There are 2 protein chains.
Amino acid sequence: MPNNGASLDRVFQALADATRRAMVERLVRGPASVSDLAHPLPMSLPAVMQHLQVLEACGLVRSEKAGRVRTCHIEPEVLRAAEDWIVRQRTPWEKRLDRLGDQLTAPPATPEQRSTS
Amino acid sequence: MPNNGASLDRVFQALADATRRAMVERLVRGPASVSDLAHPLPMSLPAVMQHLQVLEACGLVRSEKAGRVRTCHIEPEVLRAAEDWIVRQRTPWEKRLDRLGDQLTAPPATPEQRSTS
DNA sequence: TGAATGGTTAAGCGATTACTTGACCATTCG
DNA sequence: CGAATGGTCAAGTAATCGCTTAACCATTCA
């Protein structure tokens, strides 16, 4: 289960594009077809398809085809995984700020010790 | 103030790389020099420098040089901006789930209306 | 002074991105 | 049937990415 690093790569990479974020913003308001997604975007349909493939590759979006129309919907858990990583970063530096309150006058100390040398 | 699209692009792009995320994970535990950052990473110093430049370009990290050592620290507000975008997406689909509870039996309706045609 | 340490610059390279155009397939409907 | 609609495939391209090596500068210290 690639719930780890490589998949976070893909999720953040997917979110690193304004077009794709716009597609996500659209999909959180409800499912949409590929051309619904494409309609407000200033690019060709194949381009939108490629963005959609990026979103699907990282699990952020899923889609099924019924007749000739493919309907896309968002997969909120993956969005949540990205959020979780960020939140997990916040916790350590919040703790650090606590300790900073305790020992504001402590010596600068070693900011980071070299492993063995 | 580029609190908007283009800067979110850069932040997510910065986070879309495992090396850069590792650097962030390190920095949330406290400031570090460039070579501190580089030490656990399987790549050359210049490569780390380039990653650092990406992190600085999006405001996620700041650094000052004292003597011959450059000390880097994280800039939590930018991390927060990325988190905020994700959270803002969660809200609409949570609301959507509420409405879904109300009208589970409603007609499929128009998933998205074409603008004018 | 001169060597070690810490960082920086520049050039180059293969891989990946974000598109494009053009052709094409499949479903639906007059 | 045959045209319109919705989507897909393939190839090409310019720009960006992640990394390397080699050379170099600046601070510190024996």
# chains A, B, ... in the order shown; residues from 1 in each chain; ligands from 1
>>> calpha_fit_and_write(fixed="chain A", moving="chain B", output="PDB file with C-alpha atoms, in the first residue's frame")
ATOM      1  CA  MET B   1      -0.223   0.222   0.555  1.00  0.00           C
ATOM      2  CA  PRO B   2       1.616   3.220  -0.801  1.00  0.00           C
ATOM      3  CA  ASN B   3       0.382   5.600   1.838  1.00  0.00           C
ATOM      4  CA  ASN B   4       3.990   6.683   2.056  1.00  0.00           C
ATOM      5  CA  GLY B   5       6.448   8.968   0.348  1.00  0.00           C
ATOM      6  CA  ALA B   6       6.007   8.227  -3.314  1.00  0.00           C
ATOM      7  CA  SER B   7       2.278   8.740  -3.199  1.00  0.00           C
ATOM      8  CA  LEU B   8       2.578  12.019  -1.304  1.00  0.00           C
ATOM      9  CA  ASP B   9       4.910  13.067  -4.109  1.00  0.00           C
ATOM     10  CA  ARG B  10       2.150  12.481  -6.609  1.00  0.00           C
ATOM     11  CA  VAL B  11      -0.580  14.161  -4.578  1.00  0.00           C
ATOM     12  CA  PHE B  12       1.386  17.340  -3.966  1.00  0.00           C
ATOM     13  CA  GLN B  13       2.585  17.305  -7.544  1.00  0.00           C
ATOM     14  CA  ALA B  14      -1.041  17.074  -8.664  1.00  0.00           C
ATOM     15  CA  LEU B  15      -1.990  20.011  -6.456  1.00  0.00           C
ATOM     16  CA  ALA B  16       0.944  22.067  -7.717  1.00  0.00           C
ATOM     17  CA  ASP B  17      -0.939  23.086 -10.832  1.00  0.00           C
ATOM     18  CA  ALA B  18      -3.629  25.760 -10.891  1.00  0.00           C
ATOM     19  CA  THR B  19      -5.620  23.976 -13.580  1.00  0.00           C
ATOM     20  CA  ARG B  20      -5.726  20.792 -11.542  1.00  0.00           C
ATOM     21  CA  ARG B  21      -6.641  22.679  -8.384  1.00  0.00           C
ATOM     22  CA  ALA B  22      -9.477  24.325 -10.310  1.00  0.00           C
ATOM     23  CA  MET B  23     -10.700  20.880 -11.328  1.00  0.00           C
ATOM     24  CA  VAL B  24     -10.592  19.761  -7.708  1.00  0.00           C
ATOM     25  CA  GLU B  25     -12.425  22.907  -6.598  1.00  0.00           C
ATOM     26  CA  ARG B  26     -15.092  22.055  -9.111  1.00  0.00           C
ATOM     27  CA  LEU B  27     -15.359  18.445  -8.075  1.00  0.00           C
ATOM     28  CA  VAL B  28     -15.771  19.116  -4.373  1.00  0.00           C
ATOM     29  CA  ARG B  29     -19.101  20.720  -5.294  1.00  0.00           C
ATOM     30  CA  GLY B  30     -20.231  17.532  -6.964  1.00  0.00           C
ATOM     31  CA  PRO B  31     -19.459  15.116  -9.801  1.00  0.00           C
ATOM     32  CA  ALA B  32     -18.825  16.389 -13.300  1.00  0.00           C
ATOM     33  CA  SER B  33     -18.181  15.036 -16.770  1.00  0.00           C
ATOM     34  CA  VAL B  34     -14.878  15.582 -18.568  1.00  0.00           C
ATOM     35  CA  SER B  35     -16.311  18.329 -20.739  1.00  0.00           C
ATOM     36  CA  ASP B  36     -17.952  19.980 -17.732  1.00  0.00           C
ATOM     37  CA  LEU B  37     -14.492  20.093 -16.248  1.00  0.00           C
ATOM     38  CA  ALA B  38     -12.997  21.330 -19.493  1.00  0.00           C
ATOM     39  CA  HIS B  39     -15.578  24.021 -20.197  1.00  0.00           C
ATOM     40  CA  PRO B  40     -14.153  26.866 -18.063  1.00  0.00           C
ATOM     41  CA  LEU B  41     -10.557  25.977 -18.829  1.00  0.00           C
ATOM     42  CA  PRO B  42      -8.536  27.767 -21.525  1.00  0.00           C
ATOM     43  CA  MET B  43      -7.125  24.642 -23.132  1.00  0.00           C
ATOM     44  CA  SER B  44      -7.910  21.710 -25.357  1.00  0.00           C
ATOM     45  CA  LEU B  45      -9.860  18.663 -24.261  1.00  0.00           C
ATOM     46  CA  PRO B  46      -6.853  16.356 -24.492  1.00  0.00           C
ATOM     47  CA  ALA B  47      -4.974  18.684 -22.179  1.00  0.00           C
ATOM     48  CA  VAL B  48      -7.774  18.426 -19.644  1.00  0.00           C
ATOM     49  CA  MET B  49      -7.729  14.665 -20.038  1.00  0.00           C
ATOM     50  CA  GLN B  50      -4.059  14.622 -19.184  1.00  0.00           C
ATOM     51  CA  HIS B  51      -4.662  16.667 -16.070  1.00  0.00           C
ATOM     52  CA  LEU B  52      -7.444  14.290 -15.161  1.00  0.00           C
ATOM     53  CA  GLN B  53      -5.069  11.371 -15.563  1.00  0.00           C
ATOM     54  CA  VAL B  54      -2.660  13.010 -13.137  1.00  0.00           C
ATOM     55  CA  LEU B  55      -5.468  13.465 -10.637  1.00  0.00           C
ATOM     56  CA  GLU B  56      -6.545   9.867 -11.052  1.00  0.00           C
ATOM     57  CA  ALA B  57      -2.995   8.524 -10.881  1.00  0.00           C
ATOM     58  CA  CYS B  58      -2.616   9.883  -7.371  1.00  0.00           C
ATOM     59  CA  GLY B  59      -6.074   8.766  -6.334  1.00  0.00           C
ATOM     60  CA  LEU B  60      -7.420  12.263  -5.810  1.00  0.00           C
ATOM     61  CA  VAL B  61     -10.174  11.721  -8.367  1.00  0.00           C
ATOM     62  CA  ARG B  62     -11.997   8.688  -9.623  1.00  0.00           C
ATOM     63  CA  SER B  63     -14.215   8.367 -12.671  1.00  0.00           C
ATOM     64  CA  GLU B  64     -16.570   5.915 -14.320  1.00  0.00           C
ATOM     65  CA  LYS B  65     -17.797   5.860 -17.845  1.00  0.00           C
ATOM     66  CA  ALA B  66     -21.505   5.455 -18.513  1.00  0.00           C
ATOM     67  CA  GLY B  67     -22.500   5.467 -22.130  1.00  0.00           C
ATOM     68  CA  ARG B  68     -20.253   7.975 -23.779  1.00  0.00           C
ATOM     69  CA  VAL B  69     -19.850  10.273 -20.792  1.00  0.00           C
ATOM     70  CA  ARG B  70     -17.215   9.839 -18.124  1.00  0.00           C
ATOM     71  CA  THR B  71     -18.275  11.145 -14.750  1.00  0.00           C
ATOM     72  CA  CYS B  72     -15.600  12.213 -12.276  1.00  0.00           C
ATOM     73  CA  HIS B  73     -15.812  12.580  -8.542  1.00  0.00           C
ATOM     74  CA  ILE B  74     -13.356  13.484  -5.852  1.00  0.00           C
ATOM     75  CA  GLU B  75     -11.770  11.054  -3.408  1.00  0.00           C
ATOM     76  CA  PRO B  76     -11.572  13.054  -0.175  1.00  0.00           C
ATOM     77  CA  GLU B  77      -9.358  10.652   1.758  1.00  0.00           C
ATOM     78  CA  VAL B  78      -6.388  11.358  -0.461  1.00  0.00           C
ATOM     79  CA  LEU B  79      -6.830  15.084  -0.007  1.00  0.00           C
ATOM     80  CA  ARG B  80      -6.862  14.335   3.673  1.00  0.00           C
ATOM     81  CA  ALA B  81      -3.567  12.457   3.468  1.00  0.00           C
ATOM     82  CA  ALA B  82      -1.879  15.566   2.102  1.00  0.00           C
ATOM     83  CA  GLU B  83      -3.445  17.685   4.807  1.00  0.00           C
ATOM     84  CA  ASP B  84      -2.250  15.210   7.424  1.00  0.00           C
ATOM     85  CA  TRP B  85       1.355  15.511   6.379  1.00  0.00           C
ATOM     86  CA  ILE B  86       1.210  19.277   6.755  1.00  0.00           C
ATOM     87  CA  VAL B  87      -0.519  19.062  10.119  1.00  0.00           C
ATOM     88  CA  ARG B  88       2.083  16.576  11.292  1.00  0.00           C
ATOM     89  CA  GLN B  89       4.742  19.199  10.556  1.00  0.00           C
ATOM     90  CA  ARG B  90       2.927  21.831  12.538  1.00  0.00           C
ATOM     91  CA  THR B  91       2.976  19.773  15.709  1.00  0.00           C
ATOM     92  CA  PRO B  92       6.774  19.663  16.216  1.00  0.00           C
ATOM     93  CA  TRP B  93       7.314  23.361  15.810  1.00  0.00           C
ATOM     94  CA  GLU B  94       4.395  24.134  18.074  1.00  0.00           C
ATOM     95  CA  LYS B  95       6.063  21.986  20.713  1.00  0.00           C
ATOM     96  CA  ARG B  96       9.278  23.777  19.954  1.00  0.00           C
ATOM     97  CA  LEU B  97       7.586  27.088  20.637  1.00  0.00           C
ATOM     98  CA  ASP B  98       6.440  25.728  24.008  1.00  0.00           C
ATOM     99  CA  ARG B  99       9.966  24.814  25.006  1.00  0.00           C
ATOM    100  CA  LEU B 100      11.081  28.198  23.734  1.00  0.00           C
ATOM    101  CA  GLY B 101       8.803  29.773  26.326  1.00  0.00           C
ATOM    102  CA  ASP B 102      10.524  27.762  29.048  1.00  0.00           C
ATOM    103  CA  GLN B 103      14.125  28.410  28.141  1.00  0.00           C
ATOM    104  CA  LEU B 104      14.208  31.660  26.235  1.00  0.00           C
ATOM    105  CA  THR B 105      17.498  32.454  27.918  1.00  0.00           C
ATOM    106  CA  ALA B 106      19.168  29.083  27.346  1.00  0.00           C
ATOM    107  CA  PRO B 107      22.510  28.871  25.479  1.00  0.00           C
ATOM    108  CA  PRO B 108      22.405  28.603  21.656  1.00  0.00           C
ATOM    109  CA  ALA B 109      23.465  24.941  22.029  1.00  0.00           C
ATOM    110  CA  THR B 110      24.189  22.715  19.037  1.00  0.00           C
ATOM    111  CA  PRO B 111      21.492  23.339  16.434  1.00  0.00           C
ATOM    112  CA  GLU B 112      22.168  19.882  14.977  1.00  0.00           C
ATOM    113  CA  GLN B 113      24.841  17.379  15.890  1.00  0.00           C
ATOM    114  CA  ARG B 114      26.959  15.712  13.223  1.00  0.00           C
ATOM    115  CA  SER B 115      26.411  11.954  13.284  1.00  0.00           C
ATOM    116  CA  THR B 116      29.868  10.628  14.236  1.00  0.00           C
ATOM    117  CA  SER B 117      32.833  12.870  13.745  1.00  0.00           C
TER     118      SER B 117
END
>>> select_by_dssp(residues="chain B", states="helix (DSSP H, G or I)", output="ChimeraX atom specification")
/B:5-15,18-27,34-38,45-57,76-102
>>> residues_around(residues="segment 15-24 of chain C", least_positions_apart="6", cutoff="8 Å", atoms="only C-alpha atoms (C1' of nucleotides)", output="list in words")
Ala47 of chain A; DC9, DT16 and DC17 of chain D
>>> write_last_selection(atoms="N, CA and C atoms (P, O5', C5', C4', C3', O3' and C1' of nucleotides)", output="short mmCIF file (atom, residue, chain, number, x, y, z; two decimals), in the first residue's frame")
data_model
loop_
_atom_site.label_atom_id
_atom_site.label_comp_id
_atom_site.auth_asym_id
_atom_site.auth_seq_id
_atom_site.Cartn_x
_atom_site.Cartn_y
_atom_site.Cartn_z
N ALA A 47 -5.78 18.12 -23.30
CA ALA A 47 -4.99 18.65 -22.19
C ALA A 47 -5.71 18.41 -20.86
P DC D 9 -7.10 6.11 -24.31
"O5'" DC D 9 -6.29 6.33 -25.67
"C5'" DC D 9 -6.75 5.69 -26.85
"C4'" DC D 9 -5.74 5.91 -27.97
"C3'" DC D 9 -4.29 5.89 -27.51
"O3'" DC D 9 -3.56 5.11 -28.45
"C1'" DC D 9 -4.78 7.95 -28.60
P DT D 16 10.37 27.73 -18.30
"O5'" DT D 16 10.45 26.48 -17.29
"C5'" DT D 16 9.27 25.76 -17.00
"C4'" DT D 16 9.64 24.48 -16.26
"C3'" DT D 16 10.58 24.69 -15.08
"O3'" DT D 16 9.95 24.11 -13.95
"C1'" DT D 16 11.31 22.91 -16.46
P DC D 17 10.66 24.00 -12.52
"O5'" DC D 17 11.35 22.57 -12.55
"C5'" DC D 17 10.56 21.48 -12.98
"C4'" DC D 17 11.12 20.18 -12.48
"C3'" DC D 17 11.95 20.24 -11.22
"O3'" DC D 17 11.63 19.11 -10.41
"C1'" DC D 17 13.29 19.48 -13.03
#
>>> atom_distance(atom1="atom C1' of DC25 of chain C", atom2="atom C1' of DT8 of chain D")
7.6 Å
>>> select_by_dssp(residues="chain B", states="strand (DSSP E or B)", output="list in words")
Ala32, Ser33, Val61, Arg62, Ser63, Glu64, Lys65, Ala66, Val69, Arg70, Thr71, Cys72, His73 and Ile74 of chain B
>>> write_last_selection(atoms="N, CA and C atoms", output="PDB file, in the first residue's frame")
ATOM      1  N   ALA B  32      18.775  24.625  11.113  1.00  0.00           N
ATOM      2  CA  ALA B  32      19.892  23.771  10.727  1.00  0.00           C
ATOM      3  C   ALA B  32      20.709  24.474   9.659  1.00  0.00           C
ATOM      4  N   SER B  33      21.983  24.132   9.591  1.00  0.00           N
ATOM      5  CA  SER B  33      22.847  24.660   8.544  1.00  0.00           C
ATOM      6  C   SER B  33      22.623  23.871   7.258  1.00  0.00           C
ATOM      7  N   VAL B  61      10.904  28.362   3.625  1.00  0.00           N
ATOM      8  CA  VAL B  61      12.110  28.362   4.455  1.00  0.00           C
ATOM      9  C   VAL B  61      12.805  29.703   4.277  1.00  0.00           C
ATOM     10  N   ARG B  62      13.399  30.177   5.356  1.00  0.00           N
ATOM     11  CA  ARG B  62      14.250  31.349   5.230  1.00  0.00           C
ATOM     12  C   ARG B  62      15.606  31.018   5.819  1.00  0.00           C
ATOM     13  N   SER B  63      16.628  31.767   5.424  1.00  0.00           N
ATOM     14  CA  SER B  63      17.969  31.466   5.922  1.00  0.00           C
ATOM     15  C   SER B  63      18.801  32.733   5.993  1.00  0.00           C
ATOM     16  N   GLU B  64      19.696  32.756   6.972  1.00  0.00           N
ATOM     17  CA  GLU B  64      20.645  33.869   7.078  1.00  0.00           C
ATOM     18  C   GLU B  64      22.047  33.288   7.174  1.00  0.00           C
ATOM     19  N   LYS B  65      22.979  34.064   6.674  1.00  0.00           N
ATOM     20  CA  LYS B  65      24.350  33.597   6.707  1.00  0.00           C
ATOM     21  C   LYS B  65      25.105  34.347   7.799  1.00  0.00           C
ATOM     22  N   ALA B  66      25.745  33.594   8.670  1.00  0.00           N
ATOM     23  CA  ALA B  66      26.565  34.183   9.725  1.00  0.00           C
ATOM     24  C   ALA B  66      27.936  33.549   9.613  1.00  0.00           C
ATOM     25  N   VAL B  69      28.636  29.994   7.769  1.00  0.00           N
ATOM     26  CA  VAL B  69      27.546  29.026   7.830  1.00  0.00           C
ATOM     27  C   VAL B  69      26.183  29.690   7.659  1.00  0.00           C
ATOM     28  N   ARG B  70      25.407  29.108   6.772  1.00  0.00           N
ATOM     29  CA  ARG B  70      24.051  29.582   6.518  1.00  0.00           C
ATOM     30  C   ARG B  70      23.069  28.767   7.349  1.00  0.00           C
ATOM     31  N   THR B  71      22.305  29.447   8.148  1.00  0.00           N
ATOM     32  CA  THR B  71      21.363  28.757   9.030  1.00  0.00           C
ATOM     33  C   THR B  71      19.941  28.925   8.494  1.00  0.00           C
ATOM     34  N   CYS B  72      19.246  27.808   8.365  1.00  0.00           N
ATOM     35  CA  CYS B  72      17.911  27.801   7.772  1.00  0.00           C
ATOM     36  C   CYS B  72      16.859  27.537   8.840  1.00  0.00           C
ATOM     37  N   HIS B  73      15.729  28.190   8.674  1.00  0.00           N
ATOM     38  CA  HIS B  73      14.608  27.889   9.563  1.00  0.00           C
ATOM     39  C   HIS B  73      13.324  27.921   8.762  1.00  0.00           C
ATOM     40  N   ILE B  74      12.317  27.257   9.304  1.00  0.00           N
ATOM     41  CA  ILE B  74      11.068  27.135   8.574  1.00  0.00           C
ATOM     42  C   ILE B  74      10.206  28.378   8.770  1.00  0.00           C
TER      43      ILE B  74
END
>>> closest_residue(among="D:DG18, D:DT13, D:DC25, D:DA4", to="chain B", atoms="only C-alpha atoms (C1' of nucleotides)")
D:DG18
>>> residues_around(residues="segment 2-4 of chain C", least_positions_apart="4", cutoff="9 Å", atoms="only C-alpha atoms (C1' of nucleotides)", output="list in words")
DT28, DC29 and DA30 of chain D
>>> interface_residues(of="chain C", to="chain B", cutoff="12 Å", atoms="only C-alpha atoms (C1' of nucleotides)", output="PyMOL selection string")
chain C and resi 5-10
>>> write_last_selection(atoms="N, CA and C atoms (P, O5', C5', C4', C3', O3' and C1' of nucleotides)", output="CSV table (one decimal), in the first residue's frame")
chain,number,residue,atom,x,y,z
C,5,DT,P,38.3,19.6,7.4
C,5,DT,O5',37.3,20.8,7.3
C,5,DT,C5',37.2,21.7,8.4
C,5,DT,C4',36.2,22.7,8.1
C,5,DT,C3',34.8,22.2,7.6
C,5,DT,O3',33.8,22.7,8.4
C,5,DT,C1',35.6,23.9,6.2
C,6,DG,P,32.3,22.3,8.3
C,6,DG,O5',31.7,23.4,7.3
C,6,DG,C5',31.6,24.7,7.8
C,6,DG,C4',30.9,25.5,6.8
C,6,DG,C3',29.7,24.8,6.1
C,6,DG,O3',28.6,25.7,6.1
C,6,DG,C1',31.2,25.6,4.5
C,7,DG,P,27.2,25.3,5.5
C,7,DG,O5',27.4,26.1,4.1
C,7,DG,C5',27.7,27.5,4.1
C,7,DG,C4',28.0,28.0,2.8
C,7,DG,C3',26.9,27.9,1.8
C,7,DG,O3',26.5,29.2,1.4
C,7,DG,C1',29.0,27.3,0.8
C,8,DT,P,25.3,29.5,0.5
C,8,DT,O5',26.0,29.6,-0.9
C,8,DT,C5',27.1,30.5,-1.1
C,8,DT,C4',27.5,30.5,-2.5
C,8,DT,C3',26.4,30.4,-3.5
C,8,DT,O3',26.5,31.6,-4.3
C,8,DT,C1',28.2,29.0,-4.1
C,9,DT,P,25.5,31.9,-5.5
C,9,DT,O5',26.3,31.4,-6.8
C,9,DT,C5',27.6,32.0,-7.0
C,9,DT,C4',28.2,31.4,-8.3
C,9,DT,C3',27.1,31.4,-9.4
C,9,DT,O3',27.6,32.1,-10.5
C,9,DT,C1',28.3,29.3,-9.2
C,10,DA,P,26.9,32.4,-11.9
C,10,DA,O5',27.4,31.1,-12.7
C,10,DA,C5',28.7,30.8,-12.8
C,10,DA,C4',28.9,29.6,-13.7
C,10,DA,C3',27.9,29.5,-14.8
C,10,DA,O3',28.6,29.3,-16.1
C,10,DA,C1',28.0,27.5,-13.7
>>> closest_atom_pairs(of="chain D", to="chain B", cutoff="8 Å", atoms="only C-alpha atoms (C1' of nucleotides)", output="tab-separated table")
residue	atom	partner	partner_atom	distance
D:DG18	C1'	B:Ala47	CA	7.7
D:DC19	C1'	B:Ala47	CA	6.4
D:DA26	C1'	B:Arg68	CA	6.8
D:DT27	C1'	B:Arg68	CA	5.3
>>> write_last_selection(atoms="C-alpha atoms (C1' of nucleotides)", output="PDB file, in the first residue's frame")
ATOM      1  C1'  DG D  18      16.667  16.991 -10.373  1.00  0.00           C
ATOM      2  C1'  DC D  19      20.867  15.931 -10.443  1.00  0.00           C
ATOM      3  C1'  DA D  26      34.990  33.242   2.025  1.00  0.00           C
ATOM      4  C1'  DT D  27      35.729  32.293   6.799  1.00  0.00           C
TER       5       DT D  27
END
>>> decode(residues="segment 29-116 of chain B", atoms="C-alpha atoms", output="PDB file, in the first residue's frame")
ATOM      1  CA  ARG B  29      12.465  20.438  14.809  1.00  0.00           C
ATOM      2  CA  GLY B  30      14.695  23.480  14.768  1.00  0.00           C
ATOM      3  CA  PRO B  31      17.106  25.487  12.614  1.00  0.00           C
ATOM      4  CA  ALA B  32      19.892  23.771  10.727  1.00  0.00           C
ATOM      5  CA  SER B  33      22.847  24.660   8.544  1.00  0.00           C
ATOM      6  CA  VAL B  34      23.017  23.676   4.878  1.00  0.00           C
ATOM      7  CA  SER B  35      25.376  20.801   5.576  1.00  0.00           C
ATOM      8  CA  ASP B  36      23.241  19.634   8.499  1.00  0.00           C
ATOM      9  CA  LEU B  37      20.419  19.452   6.010  1.00  0.00           C
ATOM     10  CA  ALA B  38      22.611  17.741   3.450  1.00  0.00           C
ATOM     11  CA  HIS B  39      24.143  15.175   5.788  1.00  0.00           C
ATOM     12  CA  PRO B  40      21.395  12.505   5.717  1.00  0.00           C
ATOM     13  CA  LEU B  41      20.618  13.043   2.054  1.00  0.00           C
ATOM     14  CA  PRO B  42      22.049  10.811  -0.690  1.00  0.00           C
ATOM     15  CA  MET B  43      23.133  13.619  -2.987  1.00  0.00           C
ATOM     16  CA  SER B  44      25.697  16.319  -3.541  1.00  0.00           C
ATOM     17  CA  LEU B  45      25.773  19.603  -1.672  1.00  0.00           C
ATOM     18  CA  PRO B  46      24.873  21.649  -4.742  1.00  0.00           C
ATOM     19  CA  ALA B  47      21.810  19.481  -5.207  1.00  0.00           C
ATOM     20  CA  VAL B  48      20.739  20.231  -1.653  1.00  0.00           C
ATOM     21  CA  MET B  49      21.362  23.907  -2.285  1.00  0.00           C
ATOM     22  CA  GLN B  50      19.030  23.790  -5.243  1.00  0.00           C
ATOM     23  CA  HIS B  51      16.324  22.172  -3.168  1.00  0.00           C
ATOM     24  CA  LEU B  52      16.873  24.829  -0.550  1.00  0.00           C
ATOM     25  CA  GLN B  53      16.444  27.506  -3.191  1.00  0.00           C
ATOM     26  CA  VAL B  54      13.106  25.996  -4.164  1.00  0.00           C
ATOM     27  CA  LEU B  55      12.016  26.036  -0.537  1.00  0.00           C
ATOM     28  CA  GLU B  56      13.122  29.628  -0.149  1.00  0.00           C
ATOM     29  CA  ALA B  57      11.556  30.727  -3.431  1.00  0.00           C
ATOM     30  CA  CYS B  58       8.127  29.765  -2.153  1.00  0.00           C
ATOM     31  CA  GLY B  59       8.754  31.238   1.271  1.00  0.00           C
ATOM     32  CA  LEU B  60       8.590  27.930   3.100  1.00  0.00           C
ATOM     33  CA  VAL B  61      12.110  28.362   4.455  1.00  0.00           C
ATOM     34  CA  ARG B  62      14.250  31.349   5.230  1.00  0.00           C
ATOM     35  CA  SER B  63      17.969  31.466   5.922  1.00  0.00           C
ATOM     36  CA  GLU B  64      20.645  33.869   7.078  1.00  0.00           C
ATOM     37  CA  LYS B  65      24.350  33.597   6.707  1.00  0.00           C
ATOM     38  CA  ALA B  66      26.565  34.183   9.725  1.00  0.00           C
ATOM     39  CA  GLY B  67      30.249  33.818   9.115  1.00  0.00           C
ATOM     40  CA  ARG B  68      30.585  30.981   6.685  1.00  0.00           C
ATOM     41  CA  VAL B  69      27.546  29.026   7.830  1.00  0.00           C
ATOM     42  CA  ARG B  70      24.051  29.582   6.518  1.00  0.00           C
ATOM     43  CA  THR B  71      21.363  28.757   9.030  1.00  0.00           C
ATOM     44  CA  CYS B  72      17.911  27.801   7.772  1.00  0.00           C
ATOM     45  CA  HIS B  73      14.608  27.889   9.563  1.00  0.00           C
ATOM     46  CA  ILE B  74      11.068  27.135   8.574  1.00  0.00           C
ATOM     47  CA  GLU B  75       8.374  29.716   7.888  1.00  0.00           C
ATOM     48  CA  PRO B  76       5.223  28.099   9.285  1.00  0.00           C
ATOM     49  CA  GLU B  77       2.719  30.548   7.823  1.00  0.00           C
ATOM     50  CA  VAL B  78       3.398  29.379   4.299  1.00  0.00           C
ATOM     51  CA  LEU B  79       2.894  25.772   5.310  1.00  0.00           C
ATOM     52  CA  ARG B  80      -0.352  26.948   6.789  1.00  0.00           C
ATOM     53  CA  ALA B  81      -1.431  28.551   3.520  1.00  0.00           C
ATOM     54  CA  ALA B  82      -1.156  25.193   1.781  1.00  0.00           C
ATOM     55  CA  GLU B  83      -3.087  23.521   4.563  1.00  0.00           C
ATOM     56  CA  ASP B  84      -5.767  26.194   4.295  1.00  0.00           C
ATOM     57  CA  TRP B  85      -6.386  25.519   0.644  1.00  0.00           C
ATOM     58  CA  ILE B  86      -6.949  21.843   1.359  1.00  0.00           C
ATOM     59  CA  VAL B  87      -9.227  22.571   4.297  1.00  0.00           C
ATOM     60  CA  ARG B  88     -11.205  24.988   2.159  1.00  0.00           C
ATOM     61  CA  GLN B  89     -11.876  22.115  -0.248  1.00  0.00           C
ATOM     62  CA  ARG B  90     -13.088  19.868   2.514  1.00  0.00           C
ATOM     63  CA  THR B  91     -15.810  22.274   3.560  1.00  0.00           C
ATOM     64  CA  PRO B  92     -17.879  22.174   0.334  1.00  0.00           C
ATOM     65  CA  TRP B  93     -18.025  18.426   0.098  1.00  0.00           C
ATOM     66  CA  GLU B  94     -18.878  18.131   3.763  1.00  0.00           C
ATOM     67  CA  LYS B  95     -21.805  20.449   3.116  1.00  0.00           C
ATOM     68  CA  ARG B  96     -22.629  18.359   0.104  1.00  0.00           C
ATOM     69  CA  LEU B  97     -22.774  15.279   2.291  1.00  0.00           C
ATOM     70  CA  ASP B  98     -25.220  17.102   4.575  1.00  0.00           C
ATOM     71  CA  ARG B  99     -27.554  17.875   1.709  1.00  0.00           C
ATOM     72  CA  LEU B 100     -27.141  14.295   0.557  1.00  0.00           C
ATOM     73  CA  GLY B 101     -28.625  13.199   3.872  1.00  0.00           C
ATOM     74  CA  ASP B 102     -31.659  15.388   3.228  1.00  0.00           C
ATOM     75  CA  GLN B 103     -32.428  14.386  -0.324  1.00  0.00           C
ATOM     76  CA  LEU B 104     -30.992  10.937  -0.825  1.00  0.00           C
ATOM     77  CA  THR B 105     -33.973  10.115  -2.999  1.00  0.00           C
ATOM     78  CA  ALA B 106     -33.914  13.270  -5.127  1.00  0.00           C
ATOM     79  CA  PRO B 107     -33.641  13.025  -8.943  1.00  0.00           C
ATOM     80  CA  PRO B 108     -30.130  12.851 -10.474  1.00  0.00           C
ATOM     81  CA  ALA B 109     -30.640  16.447 -11.690  1.00  0.00           C
ATOM     82  CA  THR B 110     -28.084  18.251 -13.844  1.00  0.00           C
ATOM     83  CA  PRO B 111     -24.635  17.519 -12.427  1.00  0.00           C
ATOM     84  CA  GLU B 112     -23.348  20.725 -14.038  1.00  0.00           C
ATOM     85  CA  GLN B 113     -25.120  23.123 -16.352  1.00  0.00           C
ATOM     86  CA  ARG B 114     -23.493  24.312 -19.563  1.00  0.00           C
ATOM     87  CA  SER B 115     -23.029  28.080 -19.471  1.00  0.00           C
ATOM     88  CA  THR B 116     -25.261  29.262 -22.341  1.00  0.00           C
TER      89      THR B 116
END
